[in-house]
Structures are given as structure tokens and as C-alpha cells.
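> I have a structure here, written as C-alpha cells, and I will follow up with some questions on it.
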Amino acid sequence: MSEYINVTNVSFETEVLKSPVPVLLDFWAPWCGPCRMIGPVIEQLAGEYSGRLKVGKINIDEEAEISSRHGIVSVPTLIVYKDGVIANQTAGALPKQGIEALFKDLL
């Protein structure tokens, strides 16, 4: 069961910047093959780390303002926030272990 949230411009401050736990954001698009490839992994991580990590997905086509503010030029882009600031960031599809490496030391 996935426990990720869809982050919007309206919910960004509350869900990401004010989160008491680290947040993994997946900037994705429905037309992006690599995004669809890692999507199930992102959802799996959301369930596995529930309560210790918040996982959010941001559709770049629907949330252009957030994407622009973060300088997203390719998808998928994964950004990890901790205490309201960016702690880690990468672009491109990664295996599960690579995604976990982005946030594990922040838990």
C-alpha cells in the first residue's frame, strides 16, 4: 500500500517545509518513461518508511510553479528536504538502493 502524497503549490509549505520528518520529493511527468519505471519503487519506499519519511510526488505538468522554483529541467528529479531545506538532490532514474542512499542517513 502506498502512502505517498501528491504535493501541490498550496500544500508545499505545510507538507514539505514544515514536515517534522525528512521528505523525499519525486518530480515526475506522466509522459516520462523513467518516471513510470521508478514510480512503483517510490510508492514501495513510501510504505516501507512510513512514519520516518514522508514521500511526495509532484507532477511537473500540473505544478509548474514548484517545478520552476526548483529549477527542474529533467525528470525524474528526486529532492530530499530535511528541516525545510534541501539536503540531497539527483536527476534520473535510480535503483531502489540508490534512492534510499539519498535519505537513509537523514532518518
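Every chain in the C-alpha cells has a letter given in the order shown (A, B, ...), and although residue numbers restart at 1 in each chain, ligands are simply numbered from 1 in the order shown.
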Set the distance at 10 Å and use only C-alpha atoms: which residues neighbour A:Leu25 once local chain neighbours fewer than 3 positions away are removed? I'd like the list as a ChimeraX atom specification.
/A:4-7,16,22,28,42,54-58,76-81,89
> Write out as a list in words the set of residues from stretch 29-94 of chain A that DSSP, computed on the backbone, places in alpha helix (DSSP H).
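Result set for stretch 29-94 of chain A (alpha helix (DSSP H)): Gly33, Pro34, Cys35, Arg36, Met37, Ile38, Gly39, Pro40, Val41, Ile42, Glu43, Gln44, Leu45, Ala46, Gly47, Glu48, Ala64, Glu65, Ile66, Ser67, Ser68 and Arg69 of chain A.
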> Go ahead and write the selection's residues with N, CA and C atoms as a PDB file, in the first residue's frame.

ATOM      1  N   GLY A  33       9.032   8.033 -19.419  1.00  0.00           N
ATOM      2  CA  GLY A  33       9.283   6.605 -19.233  1.00  0.00           C
ATOM      3  C   GLY A  33      10.054   6.271 -17.968  1.00  0.00           C
ATOM      4  N   PRO A  34      11.206   6.918 -17.718  1.00  0.00           N
ATOM      5  CA  PRO A  34      11.948   6.629 -16.485  1.00  0.00           C
ATOM      6  C   PRO A  34      11.136   6.945 -15.220  1.00  0.00           C
ATOM      7  N   CYS A  35      10.256   7.952 -15.288  1.00  0.00           N
ATOM      8  CA  CYS A  35       9.395   8.275 -14.143  1.00  0.00           C
ATOM      9  C   CYS A  35       8.449   7.115 -13.849  1.00  0.00           C
ATOM     10  N   ARG A  36       7.868   6.568 -14.899  1.00  0.00           N
ATOM     11  CA  ARG A  36       6.958   5.424 -14.727  1.00  0.00           C
ATOM     12  C   ARG A  36       7.728   4.203 -14.224  1.00  0.00           C
ATOM     13  N   MET A  37       8.995   4.101 -14.610  1.00  0.00           N
ATOM     14  CA  MET A  37       9.814   2.975 -14.192  1.00  0.00           C
ATOM     15  C   MET A  37      10.092   3.014 -12.679  1.00  0.00           C
ATOM     16  N   ILE A  38      10.411   4.189 -12.137  1.00  0.00           N
ATOM     17  CA  ILE A  38      10.726   4.264 -10.704  1.00  0.00           C
ATOM     18  C   ILE A  38       9.496   4.516  -9.842  1.00  0.00           C
ATOM     19  N   GLY A  39       8.360   4.829 -10.453  1.00  0.00           N
ATOM     20  CA  GLY A  39       7.140   5.106  -9.693  1.00  0.00           C
ATOM     21  C   GLY A  39       6.793   4.035  -8.673  1.00  0.00           C
ATOM     22  N   PRO A  40       6.771   2.741  -9.073  1.00  0.00           N
ATOM     23  CA  PRO A  40       6.454   1.698  -8.094  1.00  0.00           C
ATOM     24  C   PRO A  40       7.475   1.622  -6.954  1.00  0.00           C
ATOM     25  N   VAL A  41       8.732   1.914  -7.237  1.00  0.00           N
ATOM     26  CA  VAL A  41       9.771   1.910  -6.197  1.00  0.00           C
ATOM     27  C   VAL A  41       9.512   3.044  -5.204  1.00  0.00           C
ATOM     28  N   ILE A  42       9.160   4.220  -5.722  1.00  0.00           N
ATOM     29  CA  ILE A  42       8.854   5.362  -4.858  1.00  0.00           C
ATOM     30  C   ILE A  42       7.682   5.020  -3.943  1.00  0.00           C
ATOM     31  N   GLU A  43       6.643   4.403  -4.507  1.00  0.00           N
ATOM     32  CA  GLU A  43       5.477   4.020  -3.716  1.00  0.00           C
ATOM     33  C   GLU A  43       5.848   2.966  -2.673  1.00  0.00           C
ATOM     34  N   GLN A  44       6.701   2.027  -3.037  1.00  0.00           N
ATOM     35  CA  GLN A  44       7.143   0.998  -2.098  1.00  0.00           C
ATOM     36  C   GLN A  44       7.905   1.634  -0.933  1.00  0.00           C
ATOM     37  N   LEU A  45       8.798   2.571  -1.244  1.00  0.00           N
ATOM     38  CA  LEU A  45       9.556   3.256  -0.189  1.00  0.00           C
ATOM     39  C   LEU A  45       8.628   4.040   0.736  1.00  0.00           C
ATOM     40  N   ALA A  46       7.586   4.631   0.182  1.00  0.00           N
ATOM     41  CA  ALA A  46       6.625   5.376   0.995  1.00  0.00           C
ATOM     42  C   ALA A  46       6.018   4.473   2.062  1.00  0.00           C
ATOM     43  N   GLY A  47       5.697   3.254   1.685  1.00  0.00           N
ATOM     44  CA  GLY A  47       5.135   2.307   2.649  1.00  0.00           C
ATOM     45  C   GLY A  47       6.172   1.807   3.638  1.00  0.00           C
ATOM     46  N   GLU A  48       7.354   1.485   3.150  1.00  0.00           N
ATOM     47  CA  GLU A  48       8.408   0.927   3.998  1.00  0.00           C
ATOM     48  C   GLU A  48       8.901   1.923   5.050  1.00  0.00           C
ATOM     49  N   ALA A  64       3.643  23.577 -12.272  1.00  0.00           N
ATOM     50  CA  ALA A  64       4.753  24.251 -12.949  1.00  0.00           C
ATOM     51  C   ALA A  64       5.469  25.249 -12.037  1.00  0.00           C
ATOM     52  N   GLU A  65       4.743  25.883 -11.137  1.00  0.00           N
ATOM     53  CA  GLU A  65       5.368  26.887 -10.258  1.00  0.00           C
ATOM     54  C   GLU A  65       6.405  26.250  -9.338  1.00  0.00           C
ATOM     55  N   ILE A  66       6.052  25.128  -8.727  1.00  0.00           N
ATOM     56  CA  ILE A  66       7.006  24.434  -7.846  1.00  0.00           C
ATOM     57  C   ILE A  66       8.208  23.949  -8.656  1.00  0.00           C
ATOM     58  N   SER A  67       7.930  23.384  -9.816  1.00  0.00           N
ATOM     59  CA  SER A  67       8.998  22.874 -10.669  1.00  0.00           C
ATOM     60  C   SER A  67       9.951  23.986 -11.084  1.00  0.00           C
ATOM     61  N   SER A  68       9.403  25.129 -11.461  1.00  0.00           N
ATOM     62  CA  SER A  68      10.214  26.278 -11.860  1.00  0.00           C
ATOM     63  C   SER A  68      11.055  26.779 -10.694  1.00  0.00           C
ATOM     64  N   ARG A  69      10.450  26.864  -9.526  1.00  0.00           N
ATOM     65  CA  ARG A  69      11.151  27.338  -8.323  1.00  0.00           C
ATOM     66  C   ARG A  69      12.332  26.437  -7.983  1.00  0.00           C
TER      67      ARG A  69
END
> Any idea what's packed within 12 Å of A:Glu13, counting only C-alpha atoms, ignoring anything in its chain fewer than 4 positions away? Could you give it as a list of chain:residue names?
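Residues meeting the cut-off are A:Val7, A:Thr8, A:Asn9, A:Leu17, A:Lys18, A:Ser19, A:Val23, A:Ile66, A:Tyr81, A:Asp83, A:Gly84, A:Val85.
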> Export, as a PDB file, in the first residue's frame, the selected residues with all heavy atoms.

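Contents of the output file out-v7.pdb:
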ATOM      1  N   VAL A   7       1.921  16.435  -3.794  1.00  0.00           N
ATOM      2  CA  VAL A   7       2.244  17.773  -3.300  1.00  0.00           C
ATOM      3  C   VAL A   7       1.845  18.797  -4.362  1.00  0.00           C
ATOM      4  O   VAL A   7       2.143  18.631  -5.544  1.00  0.00           O
ATOM      5  CB  VAL A   7       3.748  17.890  -2.964  1.00  0.00           C
ATOM      6  CG1 VAL A   7       4.097  19.289  -2.513  1.00  0.00           C
ATOM      7  CG2 VAL A   7       4.123  16.865  -1.894  1.00  0.00           C
ATOM      8  N   THR A   8       1.178  19.840  -3.905  1.00  0.00           N
ATOM      9  CA  THR A   8       0.759  20.925  -4.789  1.00  0.00           C
ATOM     10  C   THR A   8       1.366  22.227  -4.299  1.00  0.00           C
ATOM     11  O   THR A   8       1.931  22.294  -3.202  1.00  0.00           O
ATOM     12  CB  THR A   8      -0.773  21.072  -4.801  1.00  0.00           C
ATOM     13  OG1 THR A   8      -1.197  21.475  -3.487  1.00  0.00           O
ATOM     14  CG2 THR A   8      -1.462  19.777  -5.195  1.00  0.00           C
ATOM     15  N   ASN A   9       1.223  23.279  -5.079  1.00  0.00           N
ATOM     16  CA  ASN A   9       1.707  24.588  -4.666  1.00  0.00           C
ATOM     17  C   ASN A   9       1.052  25.007  -3.351  1.00  0.00           C
ATOM     18  O   ASN A   9       1.690  25.607  -2.490  1.00  0.00           O
ATOM     19  CB  ASN A   9       1.441  25.621  -5.767  1.00  0.00           C
ATOM     20  CG  ASN A   9       2.232  26.886  -5.553  1.00  0.00           C
ATOM     21  OD1 ASN A   9       3.426  26.837  -5.272  1.00  0.00           O
ATOM     22  ND2 ASN A   9       1.566  28.018  -5.664  1.00  0.00           N
ATOM     23  N   LEU A  17       8.010  21.927   3.762  1.00  0.00           N
ATOM     24  CA  LEU A  17       8.854  22.831   4.542  1.00  0.00           C
ATOM     25  C   LEU A  17       8.649  22.697   6.047  1.00  0.00           C
ATOM     26  O   LEU A  17       9.588  22.875   6.813  1.00  0.00           O
ATOM     27  CB  LEU A  17       8.617  24.280   4.099  1.00  0.00           C
ATOM     28  CG  LEU A  17       8.938  24.583   2.635  1.00  0.00           C
ATOM     29  CD1 LEU A  17       8.667  26.051   2.330  1.00  0.00           C
ATOM     30  CD2 LEU A  17      10.367  24.202   2.278  1.00  0.00           C
ATOM     31  N   LYS A  18       7.445  22.379   6.478  1.00  0.00           N
ATOM     32  CA  LYS A  18       7.154  22.278   7.914  1.00  0.00           C
ATOM     33  C   LYS A  18       7.063  20.835   8.400  1.00  0.00           C
ATOM     34  O   LYS A  18       6.636  20.588   9.512  1.00  0.00           O
ATOM     35  CB  LYS A  18       5.857  23.022   8.232  1.00  0.00           C
ATOM     36  CG  LYS A  18       5.984  24.515   8.022  1.00  0.00           C
ATOM     37  CD  LYS A  18       4.723  25.248   8.401  1.00  0.00           C
ATOM     38  CE  LYS A  18       4.914  26.753   8.230  1.00  0.00           C
ATOM     39  NZ  LYS A  18       3.699  27.497   8.557  1.00  0.00           N
ATOM     40  N   SER A  19       7.491  19.886   7.587  1.00  0.00           N
ATOM     41  CA  SER A  19       7.406  18.472   7.955  1.00  0.00           C
ATOM     42  C   SER A  19       8.377  18.153   9.099  1.00  0.00           C
ATOM     43  O   SER A  19       9.541  18.558   9.057  1.00  0.00           O
ATOM     44  CB  SER A  19       7.750  17.590   6.756  1.00  0.00           C
ATOM     45  OG  SER A  19       7.764  16.228   7.147  1.00  0.00           O
ATOM     46  N   VAL A  23      11.594  14.620   3.870  1.00  0.00           N
ATOM     47  CA  VAL A  23      10.635  14.467   2.777  1.00  0.00           C
ATOM     48  C   VAL A  23      11.384  14.146   1.486  1.00  0.00           C
ATOM     49  O   VAL A  23      12.305  14.867   1.102  1.00  0.00           O
ATOM     50  CB  VAL A  23       9.810  15.758   2.574  1.00  0.00           C
ATOM     51  CG1 VAL A  23       8.797  15.571   1.447  1.00  0.00           C
ATOM     52  CG2 VAL A  23       9.114  16.186   3.861  1.00  0.00           C
ATOM     53  N   ILE A  66       6.052  25.128  -8.727  1.00  0.00           N
ATOM     54  CA  ILE A  66       7.006  24.434  -7.846  1.00  0.00           C
ATOM     55  C   ILE A  66       8.208  23.949  -8.656  1.00  0.00           C
ATOM     56  O   ILE A  66       9.357  24.082  -8.239  1.00  0.00           O
ATOM     57  CB  ILE A  66       6.347  23.232  -7.130  1.00  0.00           C
ATOM     58  CG1 ILE A  66       5.220  23.680  -6.216  1.00  0.00           C
ATOM     59  CG2 ILE A  66       7.382  22.445  -6.327  1.00  0.00           C
ATOM     60  CD1 ILE A  66       4.411  22.529  -5.640  1.00  0.00           C
ATOM     61  N   TYR A  81      14.207  16.899   1.353  1.00  0.00           N
ATOM     62  CA  TYR A  81      14.176  18.032   2.276  1.00  0.00           C
ATOM     63  C   TYR A  81      14.295  17.522   3.694  1.00  0.00           C
ATOM     64  O   TYR A  81      13.714  16.495   4.044  1.00  0.00           O
ATOM     65  CB  TYR A  81      12.837  18.775   2.169  1.00  0.00           C
ATOM     66  CG  TYR A  81      12.805  19.887   1.166  1.00  0.00           C
ATOM     67  CD1 TYR A  81      12.524  19.632  -0.166  1.00  0.00           C
ATOM     68  CD2 TYR A  81      13.030  21.202   1.551  1.00  0.00           C
ATOM     69  CE1 TYR A  81      12.473  20.654  -1.098  1.00  0.00           C
ATOM     70  CE2 TYR A  81      12.981  22.232   0.625  1.00  0.00           C
ATOM     71  CZ  TYR A  81      12.701  21.950  -0.686  1.00  0.00           C
ATOM     72  OH  TYR A  81      12.648  22.969  -1.597  1.00  0.00           O
ATOM     73  N   ASP A  83      14.190  19.481   7.600  1.00  0.00           N
ATOM     74  CA  ASP A  83      14.051  20.726   8.358  1.00  0.00           C
ATOM     75  C   ASP A  83      13.852  21.929   7.436  1.00  0.00           C
ATOM     76  O   ASP A  83      14.395  23.004   7.675  1.00  0.00           O
ATOM     77  CB  ASP A  83      15.265  20.943   9.271  1.00  0.00           C
ATOM     78  CG  ASP A  83      15.421  19.821  10.288  1.00  0.00           C
ATOM     79  OD1 ASP A  83      14.395  19.298  10.763  1.00  0.00           O
ATOM     80  OD2 ASP A  83      16.564  19.460  10.606  1.00  0.00           O
ATOM     81  N   GLY A  84      13.092  21.722   6.360  1.00  0.00           N
ATOM     82  CA  GLY A  84      12.734  22.824   5.477  1.00  0.00           C
ATOM     83  C   GLY A  84      13.784  23.231   4.463  1.00  0.00           C
ATOM     84  O   GLY A  84      13.587  24.195   3.736  1.00  0.00           O
ATOM     85  N   VAL A  85      14.900  22.520   4.391  1.00  0.00           N
ATOM     86  CA  VAL A  85      15.936  22.859   3.415  1.00  0.00           C
ATOM     87  C   VAL A  85      16.309  21.614   2.606  1.00  0.00           C
ATOM     88  O   VAL A  85      16.165  20.480   3.062  1.00  0.00           O
ATOM     89  CB  VAL A  85      17.209  23.452   4.076  1.00  0.00           C
ATOM     90  CG1 VAL A  85      16.911  24.769   4.749  1.00  0.00           C
ATOM     91  CG2 VAL A  85      17.822  22.482   5.050  1.00  0.00           C
TER      92      VAL A  85
END
> Work out how far apart atom CA of A:Glu63 and atom CA of A:Asp105 are and give it in Å to one decimal.
28.8 Å
> Check the smallest atom-to-atom distance from each of A:Lys96, A:Ala91, A:Pro20, A:Phe12 to A:Gly51 using only C-alpha atoms, then report the winner.
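Of the candidates, the smallest distance to A:Gly51 is held by A:Pro20.
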> Pick from A:Val75, A:Val10, A:Ala29, A:Leu107: nearest to A:Leu94, with only C-alpha atoms counted?
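Result for the nearest residue to A:Leu94: A:Val75.
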